[in-house]
$ cat model-v1.cif   # mmCIF, C-alpha atoms
data_data
#
loop_
_atom_site.label_atom_id
_atom_site.label_comp_id
_atom_site.auth_asym_id
_atom_site.auth_seq_id
_atom_site.Cartn_x
_atom_site.Cartn_y
_atom_site.Cartn_z
CA MET A 1 147.08 79.04 12.93
CA ARG A 2 143.60 80.19 11.95
CA THR A 3 145.01 82.82 9.58
CA SER A 4 147.25 80.28 7.89
CA PHE A 5 144.32 77.92 7.35
CA ARG A 6 142.36 80.75 5.74
CA MET A 7 145.18 81.62 3.33
CA MET A 8 145.88 78.12 2.12
CA LEU A 9 144.78 74.55 2.13
CA SER A 10 148.35 73.75 2.44
CA LEU A 11 145.73 73.96 1.04
CA ALA A 12 146.85 74.34 -1.04
CA VAL A 13 142.70 67.10 0.54
CA LEU A 14 136.72 63.72 -2.99
CA LEU A 15 135.34 60.41 -4.11
CA VAL A 16 134.32 56.85 -5.26
CA PHE A 17 134.74 53.20 -4.26
CA ALA A 18 138.30 52.08 -5.05
CA GLY A 19 138.51 54.23 -8.13
CA CYS A 20 134.83 54.31 -9.03
CA SER A 21 133.37 56.10 -6.05
CA GLY A 22 135.23 58.13 -3.47
CA GLY A 23 132.81 58.35 -0.62
CA GLY A 24 132.79 54.80 0.63
CA SER A 25 129.57 53.92 2.44
CA LYS A 26 126.74 56.40 2.02
CA GLY A 27 125.23 55.50 5.39
CA VAL A 28 125.87 58.97 6.85
CA ARG A 29 124.92 62.06 4.89
CA ALA A 30 124.89 65.75 5.70
CA GLU A 31 122.75 68.55 4.32
CA ILE A 32 124.71 71.80 4.09
CA LYS A 33 122.26 74.68 3.80
CA THR A 34 123.96 77.80 2.41
CA THR A 35 122.87 81.26 1.35
CA GLU A 36 123.27 80.06 -2.25
CA GLY A 37 121.33 76.80 -1.91
CA ASP A 38 121.63 73.32 -0.42
CA ILE A 39 124.43 70.76 -0.82
CA ILE A 40 124.04 67.15 0.30
CA ILE A 41 127.24 65.21 0.95
CA SER A 42 128.06 61.67 2.05
CA LEU A 43 130.74 60.98 4.66
CA SER A 44 133.16 58.12 4.01
CA ASP A 45 133.46 55.20 6.42
CA LEU A 46 137.07 54.87 5.20
CA THR A 47 137.93 58.01 7.19
CA PRO A 48 136.18 57.46 10.56
CA LEU A 49 138.09 60.16 12.48
CA HIS A 50 137.11 62.84 9.96
CA ARG A 51 133.57 61.49 9.60
CA ASP A 52 132.92 61.52 13.35
CA ASN A 53 134.56 64.91 13.81
CA PHE A 54 132.37 66.44 11.09
CA ILE A 55 129.26 64.94 12.69
CA LYS A 56 130.27 66.34 16.08
CA LEU A 57 130.83 69.83 14.67
CA ALA A 58 127.59 69.79 12.68
CA GLU A 59 125.48 68.64 15.62
CA SER A 60 127.08 71.24 17.93
CA GLY A 61 126.13 74.04 15.53
CA PHE A 62 129.76 74.98 14.91
CA TYR A 63 129.27 75.50 11.17
CA ASP A 64 126.14 77.63 11.50
CA GLY A 65 127.05 81.06 10.15
CA VAL A 66 130.61 80.44 8.91
CA THR A 67 131.50 81.82 5.49
CA PHE A 68 133.15 80.31 2.43
CA HIS A 69 136.27 82.37 3.04
CA ARG A 70 138.45 81.07 0.18
CA VAL A 71 137.01 80.47 -3.29
CA ILE A 72 138.96 79.74 -6.48
CA LYS A 73 137.09 79.03 -9.71
CA ASP A 74 137.97 75.70 -11.37
CA PHE A 75 139.65 74.64 -8.12
CA MET A 76 137.66 74.53 -4.88
CA ILE A 77 135.54 76.34 -2.29
CA GLN A 78 136.78 76.38 1.32
CA THR A 79 134.90 76.95 4.57
CA GLY A 80 134.89 76.07 8.28
CA ASP A 81 136.88 78.93 9.83
CA GLY A 82 135.08 79.74 13.08
CA SER A 83 136.38 83.31 13.12
CA THR A 84 134.24 84.12 10.06
CA ARG A 85 131.03 83.52 11.98
CA GLN A 86 129.11 86.61 13.05
CA ASP A 87 128.57 84.97 16.45
CA SER A 88 132.04 83.87 17.52
CA SER A 89 130.99 82.23 20.80
CA LEU A 90 131.56 78.71 19.45
CA ILE A 91 135.07 79.26 18.05
CA ASP A 92 137.19 76.20 18.85
CA ASP A 93 139.13 75.40 15.71
CA ASP A 94 142.70 75.36 16.99
CA TYR A 95 143.12 71.57 16.81
CA THR A 96 144.08 68.97 14.22
CA ILE A 97 143.04 65.45 13.23
CA PRO A 98 145.51 62.71 12.21
CA ALA A 99 145.64 62.25 8.44
CA GLU A 100 143.48 59.46 6.98
CA ILE A 101 144.76 59.63 3.41
CA ASN A 102 143.37 56.68 1.46
CA ASP A 103 144.51 55.94 -2.08
CA SER A 104 140.99 54.94 -3.16
CA LEU A 105 139.72 58.45 -2.32
CA PHE A 106 141.00 60.94 -4.85
CA HIS A 107 140.29 64.52 -5.86
CA ARG A 108 137.59 64.12 -8.50
CA ARG A 109 134.99 66.84 -9.00
CA GLY A 110 132.62 67.08 -6.03
CA VAL A 111 134.76 65.48 -3.35
CA VAL A 112 135.04 66.89 0.17
CA ALA A 113 138.44 67.07 1.87
CA ALA A 114 140.09 68.55 4.95
CA ALA A 115 142.22 71.67 4.75
CA ARG A 116 145.54 71.70 6.57
CA MET A 117 148.83 73.47 7.15
CA GLY A 118 151.63 72.92 4.61
CA ASP A 119 154.17 70.10 4.62
CA ASP A 120 157.00 72.36 5.76
CA VAL A 121 155.37 72.85 9.17
CA ASN A 122 153.07 69.82 9.10
CA PRO A 123 154.96 66.83 7.62
CA GLU A 124 152.46 64.43 9.21
CA ARG A 125 149.78 66.11 7.04
CA ASN A 126 147.38 66.38 9.96
CA SER A 127 144.06 67.96 9.00
CA SER A 128 142.49 71.15 10.29
CA GLY A 129 139.94 70.28 12.93
CA THR A 130 137.18 72.31 11.29
CA GLN A 131 138.09 73.60 7.82
CA PHE A 132 137.21 71.68 4.68
CA TYR A 133 136.89 72.26 0.95
CA ILE A 134 134.71 70.98 -1.86
CA VAL A 135 136.41 70.39 -5.21
CA GLN A 136 134.97 72.07 -8.28
CA GLY A 137 138.01 71.30 -10.40
CA LYS A 138 138.35 71.22 -14.16
CA VAL A 139 138.73 68.66 -16.95
CA TYR A 140 142.34 67.79 -17.82
CA ASN A 141 143.91 66.73 -21.10
CA ASP A 142 146.84 64.30 -21.52
CA GLU A 143 149.48 67.04 -21.52
CA GLU A 144 148.10 68.64 -18.38
CA LEU A 145 147.93 65.28 -16.60
CA ALA A 146 151.55 64.52 -17.53
CA ALA A 147 152.60 67.85 -16.01
CA THR A 148 150.48 67.11 -12.94
CA ILE A 149 152.18 63.76 -12.41
CA GLN A 150 155.55 65.55 -12.44
CA ARG A 151 154.16 68.00 -9.89
CA ILE A 152 152.99 65.13 -7.66
CA GLU A 153 156.47 63.59 -7.88
CA TYR A 154 158.08 66.89 -6.88
CA ASN A 155 155.65 67.34 -3.98
CA ARG A 156 156.38 63.79 -2.85
CA ARG A 157 160.13 64.48 -2.79
CA GLN A 158 159.57 67.64 -0.77
CA PHE A 159 157.26 65.78 1.64
CA LEU A 160 159.79 63.01 2.24
CA TYR A 161 162.58 65.55 2.75
CA ASN A 162 160.55 67.58 5.25
CA LYS A 163 159.58 64.42 7.12
CA ALA A 164 163.19 63.22 7.24
CA LEU A 165 164.33 66.65 8.40
CA LEU A 166 161.85 66.65 11.29
CA ASP A 167 162.76 63.08 12.29
CA LEU A 168 166.49 63.81 12.23
CA ARG A 169 166.10 67.00 14.25
CA ARG A 170 164.15 65.06 16.86
CA GLU A 171 166.86 62.40 16.93
CA ALA A 172 169.55 65.05 17.26
CA ALA A 173 167.72 66.71 20.14
CA GLY A 174 167.72 63.43 22.04
CA SER A 175 171.33 62.55 21.24
CA GLU A 176 174.28 63.12 23.55
CA THR A 177 176.50 63.73 20.51
CA PRO A 178 176.10 67.19 18.94
CA VAL A 179 174.90 67.18 15.34
CA SER A 180 175.16 70.27 13.11
CA GLU A 181 172.23 71.58 11.10
CA ASP A 182 174.25 71.12 7.88
CA GLU A 183 174.75 67.44 8.72
CA ILE A 184 171.07 67.03 9.50
CA GLN A 185 170.06 68.57 6.17
CA GLN A 186 172.51 66.41 4.21
CA ASN A 187 171.27 63.26 5.93
CA ALA A 188 167.67 64.34 5.27
CA ILE A 189 168.42 64.51 1.54
CA ILE A 190 169.91 61.02 1.63
CA ARG A 191 167.01 59.59 3.63
CA ALA A 192 164.45 61.20 1.32
CA TYR A 193 166.24 59.86 -1.76
CA GLU A 194 166.28 56.36 -0.31
CA ALA A 195 162.56 56.58 0.47
CA MET A 196 161.84 57.70 -3.11
CA GLU A 197 163.89 54.81 -4.50
CA GLU A 198 161.99 52.34 -2.32
CA ALA A 199 158.58 53.77 -3.26
CA GLY A 200 159.29 53.91 -6.98
CA PRO A 201 157.83 56.43 -9.44
CA TYR A 202 154.28 57.66 -9.06
CA VAL A 203 151.89 56.03 -11.53
CA MET A 204 148.37 57.43 -11.83
CA PRO A 205 145.83 54.60 -12.23
CA GLN A 206 144.15 54.52 -15.64
CA ASN A 207 140.64 54.71 -14.18
CA ARG A 208 141.65 57.87 -12.33
CA ILE A 209 143.09 59.35 -15.53
CA ASN A 210 139.77 58.66 -17.24
CA VAL A 211 137.86 60.44 -14.47
CA TYR A 212 140.07 63.54 -14.66
CA LYS A 213 139.72 63.62 -18.46
CA THR A 214 135.92 63.35 -18.39
CA GLU A 215 134.52 64.57 -15.05
CA GLY A 216 137.48 66.66 -13.88
CA GLY A 217 138.92 67.45 -10.47
CA THR A 218 142.18 68.63 -8.88
CA PRO A 219 144.63 65.73 -9.35
CA PHE A 220 147.68 67.59 -8.02
CA LEU A 221 146.26 67.26 -4.48
CA ASP A 222 146.04 63.46 -4.65
CA GLY A 223 147.76 61.69 -1.78
CA ALA A 224 148.41 64.89 0.14
CA TYR A 225 145.08 65.75 1.78
CA THR A 226 142.46 63.62 3.52
CA VAL A 227 139.36 63.15 1.38
CA PHE A 228 136.42 62.25 3.59
CA GLY A 229 133.23 62.77 1.60
CA GLU A 230 131.56 63.59 -1.70
CA VAL A 231 128.70 65.70 -3.00
CA LEU A 232 125.56 63.70 -3.76
CA GLU A 233 123.32 66.64 -4.67
CA GLY A 234 123.92 70.35 -5.21
CA MET A 235 126.98 70.61 -7.45
CA GLU A 236 125.20 73.50 -9.16
CA VAL A 237 125.44 75.31 -5.81
CA VAL A 238 129.16 74.52 -5.60
CA ASP A 239 129.60 75.89 -9.13
CA ALA A 240 127.67 79.05 -8.23
CA ILE A 241 129.82 79.67 -5.17
CA ALA A 242 133.01 78.94 -7.13
CA GLY A 243 131.96 81.49 -9.77
CA THR A 244 131.36 84.34 -7.33
CA ALA A 245 133.44 87.53 -7.46
CA THR A 246 136.44 87.49 -5.09
CA ASP A 247 139.12 89.91 -3.89
CA MET A 248 142.90 89.53 -4.18
CA THR A 249 142.95 87.05 -1.26
CA ASP A 250 140.31 84.80 -2.91
CA LYS A 251 137.70 85.89 -0.37
CA PRO A 252 134.22 86.39 -1.88
CA VAL A 253 133.30 90.07 -2.17
CA LYS A 254 129.81 89.20 -0.89
CA ASP A 255 129.62 86.95 2.16
CA ILE A 256 128.43 83.43 1.34
CA ARG A 257 127.53 81.56 4.50
CA ILE A 258 126.59 78.13 5.76
CA LEU A 259 123.24 78.53 7.48
CA LYS A 260 122.99 75.04 8.96
CA VAL A 261 124.49 71.58 8.64
CA LYS A 262 122.07 68.73 9.33
CA ILE A 263 123.27 65.15 9.73
CA ILE A 264 121.09 62.53 8.00
CA LYS A 265 121.70 58.97 9.23
#
$ encode --input "model-v1.cif" --output "structure tokens"
Amino acid sequence: MRTSFRMMLSLAVLLVFAGCSGGGSKGVRAEIKTTEGDIIISLSDLTPLHRDNFIKLAESGFYDGVTFHRVIKDFMIQTGDGSTRQDSSLIDDDYTIPAEINDSLFHRRGVVAAARMGDDVNPERNSSGTQFYIVQGKVYNDEELAATIQRIEYNRRQFLYNKALLDLRREAAGSETPVSEDEIQQNAIIRAYEAMEEAGPYVMPQNRINVYKTEGGTPFLDGAYTVFGEVLEGMEVVDAIAGTATDMTDKPVKDIRILKVKIIK
């Protein structure tokens, strides 16, 4: 599981109040001291499971020494894999947190979100217990946003199909009447189509469009990953890390580490 987390956020899911700020209450903040400088984030009260888990990990020293192991310019910087720490005595990252996806928290530049396994093996979209990413993102134009909306629609269809497939397989396993895999897959398509019809087409709110066209972000992740914080200070550090040289696996050539995470209440 740890290797899969490192290779993708699917990550490949930030923030303001109901479309203006993604972080919710700024009552709890965290100072992330890195080898490249300091980043101060706020933790959202709209995602209490993720907020409290992050606080627990920070106060235990779990993040001290982990690297930013996946970095993609104009996208995001990812960290939190315990196996990247030089001292591996505190590795305990083989757990997940239930998704807390909130429509008011979206992937604008500077948001903090939880990495996770992909929909095909994780249709509940549960978050990695320890890994998170900070969005650098880019500014989008109208054409790019239109293509992104189509991508979100496609991802939503795939998500509903994978969820239906898992549910139907569970139902078949508990049934006394044998059900073939072909029948399960056909019924999953029907169930996913019905769910799409009920939900209606995806419409990106105008205020969100304005944010992506001016501030930037990664809109194609909206609704798929749990956003649980936002950067208050230190985006220049995020930009510096995002601009570092990487190898073919998106791992920085030079180790960039978190030195310490301090919770500020």
$ resolve_selection --input "model-v1.cif" --expression "the PyMOL selection byres ((chain A and resi 125-133) around 6)" --output "PyMOL selection string"
chain A and resi 77-81+93+95-99+112-116+122-124+134
$ resolve_selection --input "model-v1.cif" --expression "the PyMOL selection byres ((chain A and resi 201) around 12)" --output "list in words"
Ile149, Gln150, Ile152, Glu153, Tyr154, Arg156, Arg157, Tyr193, Ala195, Met196, Glu197, Glu198, Ala199, Gly200, Tyr202, Val203 and Met204 of chain A
$ residues_near_point --input "model-v1.cif" --point "(131.4, 84.4, -0.4)" --cutoff "9 Å" --atoms "only C-alpha atoms" --output "list of chain:residue names"
A:Thr67, A:Phe68, A:His69, A:Arg70, A:Val71, A:Ile241, A:Ala242, A:Thr244, A:Ala245, A:Thr246, A:Lys251, A:Pro252, A:Val253, A:Lys254, A:Asp255, A:Ile256, A:Arg257
$ resolve_selection --input "model-v1.cif" --expression "the PyMOL selection byres ((chain A and resi 55) around 10)" --output "number ranges by chain"
A: 28-30, 43, 50-54, 56-60, 261-264
$ closest_residue --input "model-v1.cif" --among "A:Ala192, A:Asp64, A:Asp120, A:Pro205" --to "Pro219 in chain A" --atoms "all atoms listed in the file"
A:Pro205
$ residues_around --input "model-v1.cif" --residues "Leu221 in chain A" --least-positions-apart "2" --cutoff "12 Å" --atoms "all atoms listed in the file" --output "number ranges by chain"
A: 9-14, 75-76, 101, 103, 105-108, 111, 113-116, 118, 133, 135, 137, 148-149, 151-153, 155-156, 217-219, 223-227
$ atom_distance --input "model-v1.cif" --atom1 "CA of Val66 in chain A" --atom2 "CA of Thr34 in chain A"
9.7 Å
$ atom_distance --input "model-v1.cif" --atom1 "CA of Ile32 in chain A" --atom2 "CA of Glu233 in chain A"
10.3 Å
$ atom_distance --input "model-v1.cif" --atom1 "CA of Asp222 in chain A" --atom2 "CA of Ile184 in chain A"
29.0 Å
$ closest_residue --input "model-v1.cif" --among "A:Val139, A:Ala164, A:Val121, A:Ala146" --to "Glu194 in chain A" --atoms "all atoms listed in the file"
A:Ala164
$ closest_residue --input "model-v1.cif" --among "A:Gly37, A:Pro48, A:Gly27, A:Gly216" --to "Asn141 in chain A" --atoms "only C-alpha atoms"
A:Gly216
$ closest_residue --input "model-v1.cif" --among "A:Asp87, A:Lys73, A:Asp94, A:Ser104" --to "Phe228 in chain A" --atoms "only C-alpha atoms"
A:Ser104
